[in-house]
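Structure file query-v3.pdb; described as PDB, C-alpha atoms and all ligand atoms.
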```
ATOM      1  CA  MET A   1      42.581 204.499-244.645
ATOM      2  CA  ILE A   2      43.795 202.006-242.056
ATOM      3  CA  ASN A   3      41.072 199.709-240.795
ATOM      4  CA  LEU A   4      42.046 198.697-237.268
ATOM      5  CA  MET A   5      40.926 195.341-235.882
ATOM      6  CA  TRP A   6      40.691 193.997-232.348
ATOM      7  CA  ARG A   7      39.940 190.506-231.036
ATOM      8  CA  VAL A   8      37.762 189.771-228.008
ATOM      9  CA  GLY A   9      37.752 186.027-227.442
ATOM     10  CA  ASP A  10      36.321 184.565-230.634
ATOM     11  CA  ILE A  11      34.708 187.852-231.703
ATOM     12  CA  SER A  12      36.494 190.393-233.911
ATOM     13  CA  ILE A  13      35.787 194.128-234.112
ATOM     14  CA  THR A  14      36.932 196.103-237.151
ATOM     15  CA  ARG A  15      36.962 199.882-237.515
ATOM     16  CA  LEU A  16      35.677 201.125-240.868
ATOM     17  CA  VAL A  17      36.348 204.855-241.245
ATOM     18  CA  GLU A  18      34.033 207.203-243.093
ATOM     19  CA  MET A  19      36.012 210.389-242.348
ATOM     20  CA  GLU A  20      38.763 211.628-240.071
ATOM     21  CA  LEU A  21      38.859 215.111-238.543
ATOM     22  CA  THR A  22      41.386 217.091-236.541
ATOM     23  CA  ILE A  23      39.832 220.023-234.684
ATOM     24  CA  PRO A  24      41.001 222.710-232.253
ATOM     25  CA  GLY A  25      38.047 222.714-229.846
ATOM     26  CA  GLY A  26      36.691 226.081-228.716
ATOM     27  CA  PRO A  27      33.356 227.758-229.419
ATOM     28  CA  GLY A  28      31.373 226.157-232.228
ATOM     29  CA  SER A  29      33.265 222.871-232.047
ATOM     30  CA  PRO A  30      31.750 219.584-230.846
ATOM     31  CA  LEU A  31      33.967 219.737-227.728
ATOM     32  CA  PRO A  32      34.269 223.428-226.795
ATOM     33  CA  ASP A  33      36.508 222.900-223.735
ATOM     34  CA  ALA A  34      39.138 221.023-225.723
ATOM     35  CA  THR A  35      41.082 224.092-226.803
ATOM     36  CA  PRO A  36      44.803 223.679-227.502
ATOM     37  CA  GLU A  37      45.585 225.526-224.231
ATOM     38  CA  ASN A  38      43.438 223.083-222.240
ATOM     39  CA  VAL A  39      44.535 219.964-224.105
ATOM     40  CA  ARG A  40      48.299 220.598-223.985
ATOM     41  CA  PRO A  41      48.663 219.838-220.242
ATOM     42  CA  ILE A  42      47.180 216.338-220.713
ATOM     43  CA  GLY A  43      50.487 214.808-221.717
ATOM     44  CA  TRP A  44      49.361 211.233-222.372
ATOM     45  CA  LEU A  45      47.134 212.372-225.259
ATOM     46  CA  PHE A  46      50.275 213.063-227.330
ATOM     47  CA  PRO A  47      50.997 211.958-229.995
ATOM     48  CA  ALA A  48      48.282 209.266-230.298
ATOM     49  CA  PHE A  49      45.177 211.361-229.747
ATOM     50  CA  ALA A  50      46.272 214.972-230.322
ATOM     51  CA  THR A  51      48.542 216.838-232.695
ATOM     52  CA  ALA A  52      51.601 218.739-231.510
ATOM     53  CA  GLU A  53      49.544 221.984-231.765
ATOM     54  CA  GLY A  54      46.973 220.573-229.328
ATOM     55  CA  TRP A  55      44.224 219.822-231.856
ATOM     56  CA  ILE A  56      42.248 216.696-231.009
ATOM     57  CA  LYS A  57      42.038 213.790-233.454
ATOM     58  CA  GLY A  58      38.543 212.602-234.270
ATOM     59  CA  SER A  59      36.998 210.069-236.572
ATOM     60  CA  ILE A  60      33.594 209.038-237.825
ATOM     61  CA  HIS A  61      33.612 205.288-238.223
ATOM     62  CA  ALA A  62      31.465 202.210-237.994
ATOM     63  CA  LEU A  63      32.525 199.221-235.899
ATOM     64  CA  LEU A  64      31.983 195.826-237.504
ATOM     65  CA  ILE A  65      31.413 192.965-235.077
ATOM     66  CA  GLN A  66      31.999 189.455-236.388
ATOM     67  CA  THR A  67      30.872 186.723-233.990
ATOM     68  CA  PRO A  68      31.366 183.039-234.850
ATOM     69  CA  THR A  69      27.933 183.056-236.499
ATOM     70  CA  GLN A  70      26.726 186.623-237.035
ATOM     71  CA  ARG A  71      27.661 190.100-238.270
ATOM     72  CA  PHE A  72      26.674 193.384-236.670
ATOM     73  CA  ILE A  73      27.463 197.016-237.491
ATOM     74  CA  VAL A  74      27.556 199.492-234.620
ATOM     75  CA  ASP A  75      26.631 203.032-235.761
ATOM     76  CA  THR A  76      26.312 203.835-239.433
ATOM     77  CA  CYS A  77      28.040 207.222-239.746
ATOM     78  CA  VAL A  78      26.703 210.024-241.961
ATOM     79  CA  GLY A  79      25.928 208.238-245.235
ATOM     80  CA  ASN A  80      25.957 209.432-248.846
ATOM     81  CA  ASP A  81      23.644 211.815-250.671
ATOM     82  CA  LYS A  82      21.914 213.109-247.525
ATOM     83  CA  PRO A  83      20.835 216.752-247.470
ATOM     84  CA  ARG A  84      22.262 218.235-244.255
ATOM     85  CA  ASN A  85      22.659 221.718-242.836
ATOM     86  CA  SER A  86      26.140 220.949-241.549
ATOM     87  CA  PRO A  87      28.448 221.570-244.554
ATOM     88  CA  GLY A  88      30.842 218.775-243.591
ATOM     89  CA  PHE A  89      27.985 216.262-243.681
ATOM     90  CA  ASN A  90      25.992 217.545-246.655
ATOM     91  CA  GLN A  91      25.583 215.314-249.739
ATOM     92  CA  LEU A  92      28.603 213.114-249.026
ATOM     93  CA  ALA A  93      29.980 210.836-251.747
ATOM     94  CA  THR A  94      32.394 208.539-249.896
ATOM     95  CA  ASN A  95      33.512 204.989-250.713
ATOM     96  CA  PHE A  96      32.177 203.632-247.437
ATOM     97  CA  LEU A  97      30.028 200.833-248.893
ATOM     98  CA  ALA A  98      32.720 199.773-251.355
ATOM     99  CA  ASP A  99      35.199 199.700-248.463
ATOM    100  CA  LEU A 100      32.761 197.554-246.472
ATOM    101  CA  GLU A 101      32.340 195.125-249.347
ATOM    102  CA  SER A 102      36.094 194.984-249.896
ATOM    103  CA  LEU A 103      36.294 193.550-246.364
ATOM    104  CA  GLY A 104      34.063 190.690-247.511
ATOM    105  CA  TRP A 105      30.937 192.178-245.969
ATOM    106  CA  SER A 106      28.254 192.097-248.649
ATOM    107  CA  LEU A 107      25.189 194.158-247.780
ATOM    108  CA  ASP A 108      23.099 190.982-247.549
ATOM    109  CA  SER A 109      25.529 189.410-245.090
ATOM    110  CA  VAL A 110      24.810 191.896-242.281
ATOM    111  CA  ASP A 111      22.593 190.355-239.587
ATOM    112  CA  GLY A 112      22.145 193.376-237.348
ATOM    113  CA  VAL A 113      22.659 197.142-237.137
ATOM    114  CA  LEU A 114      22.981 198.792-233.709
ATOM    115  CA  CYS A 115      22.620 202.547-233.248
ATOM    116  CA  THR A 116      23.958 203.907-229.945
ATOM    117  CA  HIS A 117      21.654 206.907-230.454
ATOM    118  CA  LEU A 118      19.868 208.625-233.322
ATOM    119  CA  HIS A 119      22.137 211.576-234.154
ATOM    120  CA  VAL A 120      23.041 212.388-237.736
ATOM    121  CA  ASP A 121      26.469 210.697-237.715
ATOM    122  CA  HIS A 122      25.193 207.388-236.280
ATOM    123  CA  VAL A 123      22.310 206.430-238.558
ATOM    124  CA  GLY A 124      23.307 207.619-242.042
ATOM    125  CA  TRP A 125      24.082 204.305-243.714
ATOM    126  CA  ASN A 126      20.876 202.808-242.346
ATOM    127  CA  THR A 127      19.530 203.801-245.755
ATOM    128  CA  VAL A 128      20.717 204.526-249.295
ATOM    129  CA  LEU A 129      19.150 206.524-252.095
ATOM    130  CA  ARG A 130      17.840 204.248-254.826
ATOM    131  CA  ASP A 131      15.632 205.491-257.686
ATOM    132  CA  GLY A 132      14.872 208.635-255.702
ATOM    133  CA  ARG A 133      13.819 206.768-252.541
ATOM    134  CA  TRP A 134      15.566 206.062-249.256
ATOM    135  CA  VAL A 135      15.665 202.299-248.799
ATOM    136  CA  PRO A 136      17.319 200.084-246.170
ATOM    137  CA  THR A 137      21.006 199.525-246.960
ATOM    138  CA  PHE A 138      21.034 196.143-245.247
ATOM    139  CA  PRO A 139      17.804 194.441-246.281
ATOM    140  CA  LYS A 140      18.392 191.238-244.312
ATOM    141  CA  ALA A 141      19.433 192.938-241.070
ATOM    142  CA  ARG A 142      17.426 193.695-237.968
ATOM    143  CA  TYR A 143      18.038 197.313-236.914
ATOM    144  CA  TYR A 144      18.270 197.622-233.130
ATOM    145  CA  LEU A 145      17.228 201.085-231.917
ATOM    146  CA  GLY A 146      16.771 202.021-228.278
ATOM    147  CA  ARG A 147      13.101 202.371-227.377
ATOM    148  CA  VAL A 148      13.818 205.314-225.039
ATOM    149  CA  GLU A 149      15.888 207.031-227.734
ATOM    150  CA  TYR A 150      13.320 206.445-230.441
ATOM    151  CA  GLU A 151      10.467 207.683-228.279
ATOM    152  CA  HIS A 152      12.477 210.790-227.360
ATOM    153  CA  TRP A 153      12.820 211.710-231.034
ATOM    154  CA  ALA A 154       9.259 210.795-231.867
ATOM    155  CA  SER A 155       8.108 212.997-228.995
ATOM    156  CA  GLU A 156      10.320 215.872-230.189
ATOM    157  CA  LEU A 157       8.478 215.657-233.481
ATOM    158  CA  ARG A 158       5.129 215.587-231.748
ATOM    159  CA  GLY A 159       6.238 218.519-229.601
ATOM    160  CA  MET A 160       6.510 220.659-232.725
ATOM    161  CA  ASP A 161       2.918 219.886-233.626
ATOM    162  CA  VAL A 162       1.331 222.891-231.952
ATOM    163  CA  THR A 163      -1.261 223.984-234.500
ATOM    164  CA  GLY A 164      -3.673 221.123-234.126
ATOM    165  CA  GLU A 165      -3.412 220.394-237.861
ATOM    166  CA  LYS A 166      -1.730 217.201-236.925
ATOM    167  CA  ASP A 167      -1.202 215.386-240.175
ATOM    168  CA  GLU A 168       0.014 218.198-242.421
ATOM    169  CA  TYR A 169       1.951 219.998-239.735
ATOM    170  CA  ALA A 170       3.530 216.815-238.418
ATOM    171  CA  LEU A 171       4.517 215.884-241.937
ATOM    172  CA  ALA A 172       6.085 219.297-242.533
ATOM    173  CA  MET A 173       8.000 219.032-239.284
ATOM    174  CA  MET A 174       9.207 215.576-240.220
ATOM    175  CA  ASP A 175      10.539 217.006-243.458
ATOM    176  CA  THR A 176      12.683 219.376-241.422
ATOM    177  CA  MET A 177      13.913 216.524-239.278
ATOM    178  CA  ASN A 178      15.931 215.152-242.177
ATOM    179  CA  THR A 179      17.812 212.562-240.242
ATOM    180  CA  PHE A 180      14.754 210.970-238.748
ATOM    181  CA  THR A 181      12.933 211.074-242.044
ATOM    182  CA  ASP A 182      15.573 209.692-244.387
ATOM    183  CA  SER A 183      17.528 207.385-242.082
ATOM    184  CA  VAL A 184      15.101 206.092-239.449
ATOM    185  CA  LYS A 185      11.599 206.169-240.894
ATOM    186  CA  PRO A 186      12.391 204.040-243.980
ATOM    187  CA  ILE A 187      13.683 201.182-241.843
ATOM    188  CA  MET A 188      10.637 201.497-239.582
ATOM    189  CA  ASP A 189       8.388 201.407-242.644
ATOM    190  CA  ALA A 190      10.233 198.320-243.913
ATOM    191  CA  ASP A 191       9.517 196.650-240.573
ATOM    192  CA  LEU A 192      13.213 196.013-239.922
ATOM    193  CA  VAL A 193      13.409 197.743-236.518
ATOM    194  CA  GLU A 194      13.565 196.151-233.085
ATOM    195  CA  LEU A 195      12.952 198.759-230.394
ATOM    196  CA  VAL A 196      15.076 197.517-227.503
ATOM    197  CA  GLU A 197      15.637 198.451-223.880
ATOM    198  CA  VAL A 198      18.856 200.163-222.770
ATOM    199  CA  ASP A 199      20.258 196.988-221.182
ATOM    200  CA  SER A 200      19.187 194.448-223.823
ATOM    201  CA  GLN A 201      21.156 191.370-224.811
ATOM    202  CA  ILE A 202      21.301 191.619-228.598
ATOM    203  CA  ALA A 203      23.080 188.347-229.404
ATOM    204  CA  PRO A 204      25.417 185.940-227.610
ATOM    205  CA  GLY A 205      28.354 188.126-226.498
ATOM    206  CA  ILE A 206      26.737 191.452-227.430
ATOM    207  CA  ARG A 207      24.678 193.535-225.029
ATOM    208  CA  LEU A 208      23.724 197.162-224.513
ATOM    209  CA  MET A 209      24.643 199.280-221.503
ATOM    210  CA  SER A 210      22.779 202.434-220.526
ATOM    211  CA  THR A 211      25.027 205.550-220.779
ATOM    212  CA  PRO A 212      22.609 208.524-220.798
ATOM    213  CA  GLY A 213      23.422 212.235-220.968
ATOM    214  CA  HIS A 214      24.551 212.757-224.537
ATOM    215  CA  THR A 215      20.971 211.827-225.388
ATOM    216  CA  PRO A 216      18.291 210.506-223.016
ATOM    217  CA  GLY A 217      18.352 206.961-224.391
ATOM    218  CA  HIS A 218      22.026 206.707-225.277
ATOM    219  CA  VAL A 219      23.634 203.250-225.006
ATOM    220  CA  SER A 220      27.124 201.812-225.219
ATOM    221  CA  VAL A 221      27.782 198.315-226.550
ATOM    222  CA  VAL A 222      29.498 195.593-224.495
ATOM    223  CA  ILE A 223      31.207 192.701-226.294
ATOM    224  CA  GLU A 224      32.202 189.643-224.239
ATOM    225  CA  SER A 225      33.734 186.351-225.280
ATOM    226  CA  LYS A 226      35.813 183.719-223.517
ATOM    227  CA  GLY A 227      36.580 185.920-220.515
ATOM    228  CA  SER A 228      37.591 188.975-222.573
ATOM    229  CA  ARG A 229      35.582 192.173-222.844
ATOM    230  CA  ALA A 230      35.418 195.345-224.936
ATOM    231  CA  VAL A 231      33.047 198.312-224.732
ATOM    232  CA  ILE A 232      32.132 200.609-227.611
ATOM    233  CA  THR A 233      31.538 204.026-226.076
ATOM    234  CA  GLY A 234      29.149 205.662-228.508
ATOM    235  CA  ASP A 235      29.047 209.409-227.843
ATOM    236  CA  MET A 236      29.021 209.271-224.047
ATOM    237  CA  MET A 237      32.554 210.547-224.629
ATOM    238  CA  HIS A 238      33.753 212.005-227.923
ATOM    239  CA  HIS A 239      37.485 212.043-227.273
ATOM    240  CA  PRO A 240      39.855 210.492-224.707
ATOM    241  CA  CYS A 241      40.497 213.965-223.215
ATOM    242  CA  GLN A 242      37.126 213.487-221.479
ATOM    243  CA  ILE A 243      38.676 210.651-219.462
ATOM    244  CA  ALA A 244      41.079 213.147-217.917
ATOM    245  CA  ARG A 245      38.460 215.925-217.746
ATOM    246  CA  MET A 246      35.141 214.190-217.186
ATOM    247  CA  ASP A 247      33.229 217.486-216.932
ATOM    248  CA  TRP A 248      34.101 218.479-220.515
ATOM    249  CA  CYS A 249      30.794 218.036-222.317
ATOM    250  CA  SER A 250      29.946 217.783-225.972
ATOM    251  CA  ALA A 251      28.114 220.759-227.420
ATOM    252  CA  PHE A 252      25.392 218.256-228.300
ATOM    253  CA  ASP A 253      24.897 216.630-224.883
ATOM    254  CA  THR A 254      21.249 216.959-223.889
ATOM    255  CA  ASP A 255      22.113 216.883-220.145
ATOM    256  CA  ASN A 256      25.627 217.978-219.146
ATOM    257  CA  GLN A 257      25.382 216.847-215.525
ATOM    258  CA  GLN A 258      24.067 213.449-216.544
ATOM    259  CA  SER A 259      26.747 212.969-219.213
ATOM    260  CA  THR A 260      29.441 213.931-216.682
ATOM    261  CA  ASP A 261      28.010 211.475-214.130
ATOM    262  CA  THR A 262      27.898 208.773-216.815
ATOM    263  CA  ARG A 263      31.577 209.295-217.702
ATOM    264  CA  GLN A 264      32.494 209.182-214.016
ATOM    265  CA  SER A 265      30.668 205.929-213.309
ATOM    266  CA  PHE A 266      31.856 204.381-216.573
ATOM    267  CA  CYS A 267      35.501 205.113-215.738
ATOM    268  CA  GLU A 268      35.067 203.822-212.181
ATOM    269  CA  MET A 269      33.558 200.614-213.510
ATOM    270  CA  PHE A 270      36.250 199.786-216.063
ATOM    271  CA  ALA A 271      39.443 201.407-214.727
ATOM    272  CA  ASP A 272      42.305 199.034-213.972
ATOM    273  CA  THR A 273      40.480 196.126-215.636
ATOM    274  CA  PRO A 274      41.505 194.388-218.870
ATOM    275  CA  THR A 275      38.418 195.777-220.643
ATOM    276  CA  LEU A 276      39.280 197.314-224.013
ATOM    277  CA  ILE A 277      37.537 200.670-224.477
ATOM    278  CA  ILE A 278      36.819 201.437-228.137
ATOM    279  CA  GLY A 279      35.837 205.021-228.919
ATOM    280  CA  THR A 280      33.189 205.770-231.495
ATOM    281  CA  HIS A 281      34.797 209.104-232.431
ATOM    282  CA  TRP A 282      38.331 208.560-231.190
ATOM    283  CA  GLY A 283      40.925 209.115-233.903
ATOM    284  CA  GLY A 284      44.467 207.758-233.805
ATOM    285  CA  PRO A 285      44.517 204.223-232.331
ATOM    286  CA  THR A 286      40.803 204.538-231.319
ATOM    287  CA  ALA A 287      41.055 202.131-228.353
ATOM    288  CA  GLY A 288      42.866 201.498-225.096
ATOM    289  CA  ARG A 289      42.531 200.488-221.448
ATOM    290  CA  LEU A 290      41.456 202.795-218.628
ATOM    291  CA  ILE A 291      43.994 203.424-215.877
ATOM    292  CA  ARG A 292      43.191 205.292-212.673
ATOM    293  CA  GLU A 293      45.422 208.355-212.240
ATOM    294  CA  GLY A 294      44.742 210.409-209.118
ATOM    295  CA  SER A 295      41.123 211.541-209.151
ATOM    296  CA  ALA A 296      40.819 211.025-212.924
ATOM    297  CA  TYR A 297      41.925 208.516-215.522
ATOM    298  CA  ARG A 298      44.119 208.054-218.530
ATOM    299  CA  LEU A 299      44.135 205.659-221.455
ATOM    300  CA  ASP A 300      46.796 203.046-221.929
ATOM    301  CA  VAL A 301      47.132 202.366-225.660
TER     302      VAL A 301
HETATM  303 ZN    ZN B 401      28.494 211.281-232.954
END
```
When written as structure tokens, how does the structure in this file appear?
Amino acid sequence: MINLMWRVGDISITRLVEMELTIPGGPGSPLPDATPENVRPIGWLFPAFATAEGWIKGSIHALLIQTPTQRFIVDTCVGNDKPRNSPGFNQLATNFLADLESLGWSLDSVDGVLCTHLHVDHVGWNTVLRDGRWVPTFPKARYYLGRVEYEHWASELRGMDVTGEKDEYALAMMDTMNTFTDSVKPIMDADLVELVEVDSQIAPGIRLMSTPGHTPGHVSVVIESKGSRAVITGDMMHHPCQIARMDWCSAFDTDNQQSTDTRQSFCEMFADTPTLIIGTHWGGPTAGRLIREGSAYRLDV
């Protein structure tokens, strides 16, 4: 597994891969519009971001931000041992933590964890299973979760509580919401969470940027140092094909119009600037610069 690294001023960003996927799009896929027939005409995707057959290259990875004084992890993938309905995510046993430590990142050395949103593949390594209990993986870190995002999920849970038997029913519903229960609640209970606004400054050189649509409180992460800038997309776009076709939505977007509008304004903001765009699920080289091309955009790797 190649761990890519980029420099932004005196901050470094390293990609740590949990799993790589190559998928054909179509019904049932995370990006239904990205069928081989639709992808093939977007020539610049080849060979970096798509296979010769027109399958798109994806990845689930964390991004490790090293500032001169602090360490942050953006999005914590799926995690090990977690019971999940999705077969590709169920009860994983990857070497992710060993790979992290082999980079010199001990678990105690992590100062902060940022989650762009609270989906299953972004919060998994928030916790690990120890002696039958889910406990925080990074005991000395603050976990930065968006307040809007957190309240959305908490309200979804409350919304299922229709019987009036609040405690028991709410508890049962929480058991079905595995991700929230095993990867979010334990860090809340350990008092490690900072609920932050969608435009918060997290640390010198690291701030959040509101990019709603995939989820209501979704954020991207902006890294700035010494006049250079990078942006970590999160899931406001899953693959670079959505730069060329901004109306291609993820099957999991909560609001397709809003996610399309977010991609449009994001591309307008950063096109033809030196800003490095780093994709949270982009396979291949994972990053590039946005170039305006007619009424859409392409990525310059
Ligand atoms: Zn995702």
On this structure, which residues satisfy the PyMOL selection byres (((chain A and resi 246) around 12) and not hetatm), written as a short mmCIF file (atom, residue, chain, number, x, y, z; two decimals) with C-alpha atoms, keeping the file's coordinate frame?
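Written file, out_37.cif:
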```
data_model
loop_
_atom_site.label_atom_id
_atom_site.label_comp_id
_atom_site.auth_asym_id
_atom_site.auth_seq_id
_atom_site.Cartn_x
_atom_site.Cartn_y
_atom_site.Cartn_z
CA LEU A 31 33.97 219.74 -227.73
CA ASP A 33 36.51 222.90 -223.74
CA ALA A 34 39.14 221.02 -225.72
CA MET A 236 29.02 209.27 -224.05
CA MET A 237 32.55 210.55 -224.63
CA HIS A 238 33.75 212.00 -227.92
CA HIS A 239 37.48 212.04 -227.27
CA PRO A 240 39.85 210.49 -224.71
CA CYS A 241 40.50 213.96 -223.22
CA GLN A 242 37.13 213.49 -221.48
CA ILE A 243 38.68 210.65 -219.46
CA ALA A 244 41.08 213.15 -217.92
CA ARG A 245 38.46 215.92 -217.75
CA ASP A 247 33.23 217.49 -216.93
CA TRP A 248 34.10 218.48 -220.52
CA CYS A 249 30.79 218.04 -222.32
CA SER A 250 29.95 217.78 -225.97
CA ASN A 256 25.63 217.98 -219.15
CA GLN A 257 25.38 216.85 -215.52
CA GLN A 258 24.07 213.45 -216.54
CA SER A 259 26.75 212.97 -219.21
CA THR A 260 29.44 213.93 -216.68
CA ASP A 261 28.01 211.48 -214.13
CA THR A 262 27.90 208.77 -216.82
CA ARG A 263 31.58 209.30 -217.70
CA GLN A 264 32.49 209.18 -214.02
CA SER A 265 30.67 205.93 -213.31
CA PHE A 266 31.86 204.38 -216.57
CA CYS A 267 35.50 205.11 -215.74
CA GLU A 268 35.07 203.82 -212.18
CA SER A 295 41.12 211.54 -209.15
CA ALA A 296 40.82 211.02 -212.92
CA TYR A 297 41.92 208.52 -215.52
CA ARG A 298 44.12 208.05 -218.53
#
```
- [ ] Given the file shown, enumerate the residues that the PyMOL selection byres (((chain A and resi 91) around 8) and not hetatm) captures and present them as a PyMOL selection string.
- [x] chain A and resi 80-84+89-90+92-93
Open item on the list: If the PyMOL selection byres (((chain A and resi 79) around 8) and not hetatm) were run on this exact file, what residues would it hold? Put them as a count of residues only.
Closed with: 15
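Polymer residues near (25.1, 198.2, -225.6): counting all atoms listed in the file with a cut-off of 9 Å, they are A:Leu114, A:Thr116, A:Val198, A:Asp199, A:Ser200, A:Gln201, A:Ile202, A:Ile206, A:Arg207, A:Leu208, A:Met209, A:Ser210, A:Thr211, A:Val219, A:Ser220, A:Val221, A:Val222, A:Ile223, A:Val231, A:Ile232, A:Thr233, A:Gly234.
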- [ ] Could you give me, as a ChimeraX atom specification, the residues within 12 Å of Ile187 in chain A, counting only C-alpha atoms and dropping anything in the same chain fewer than 3 positions from it?
- [x] /A:113,123-128,134-145,180-184,190-195
TODO: Considering all atoms listed in the file, state which residue in the set A:Ala98, A:Leu64, A:Ala52, A:Val120 is at the smallest distance from ligand ZN 401 (chain B).
DONE: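 Among A:Ala98, A:Leu64, A:Ala52, A:Val120, it is A:Val120 that comes nearest to ligand ZN 401 (chain B).
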May I have a table of the residues of chain A lying at most 7 Å from ligand ZN 401 (chain B), giving each one's closest pair of atoms and their distance in Å to one decimal, counting all atoms listed in the file, ordered by chain and ascending residue number, as a tab-separated table?
```
residue	atom	partner	partner_atom	distance
A:His119	CA	B:ZN401	ZN	6.5
A:Asp121	CA	B:ZN401	ZN	5.2
A:His122	CA	B:ZN401	ZN	6.1
A:Asp235	CA	B:ZN401	ZN	5.5
A:His281	CA	B:ZN401	ZN	6.7
```
Open item on the list: So the first atom is CA of Ala62 in chain A and the second is CA of Pro285 in chain A; what is the distance between them in Å, to one decimal place?
Closed with: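 Taking CA of Ala62 in chain A and CA of Pro285 in chain A, their separation equals 14.4 Å.
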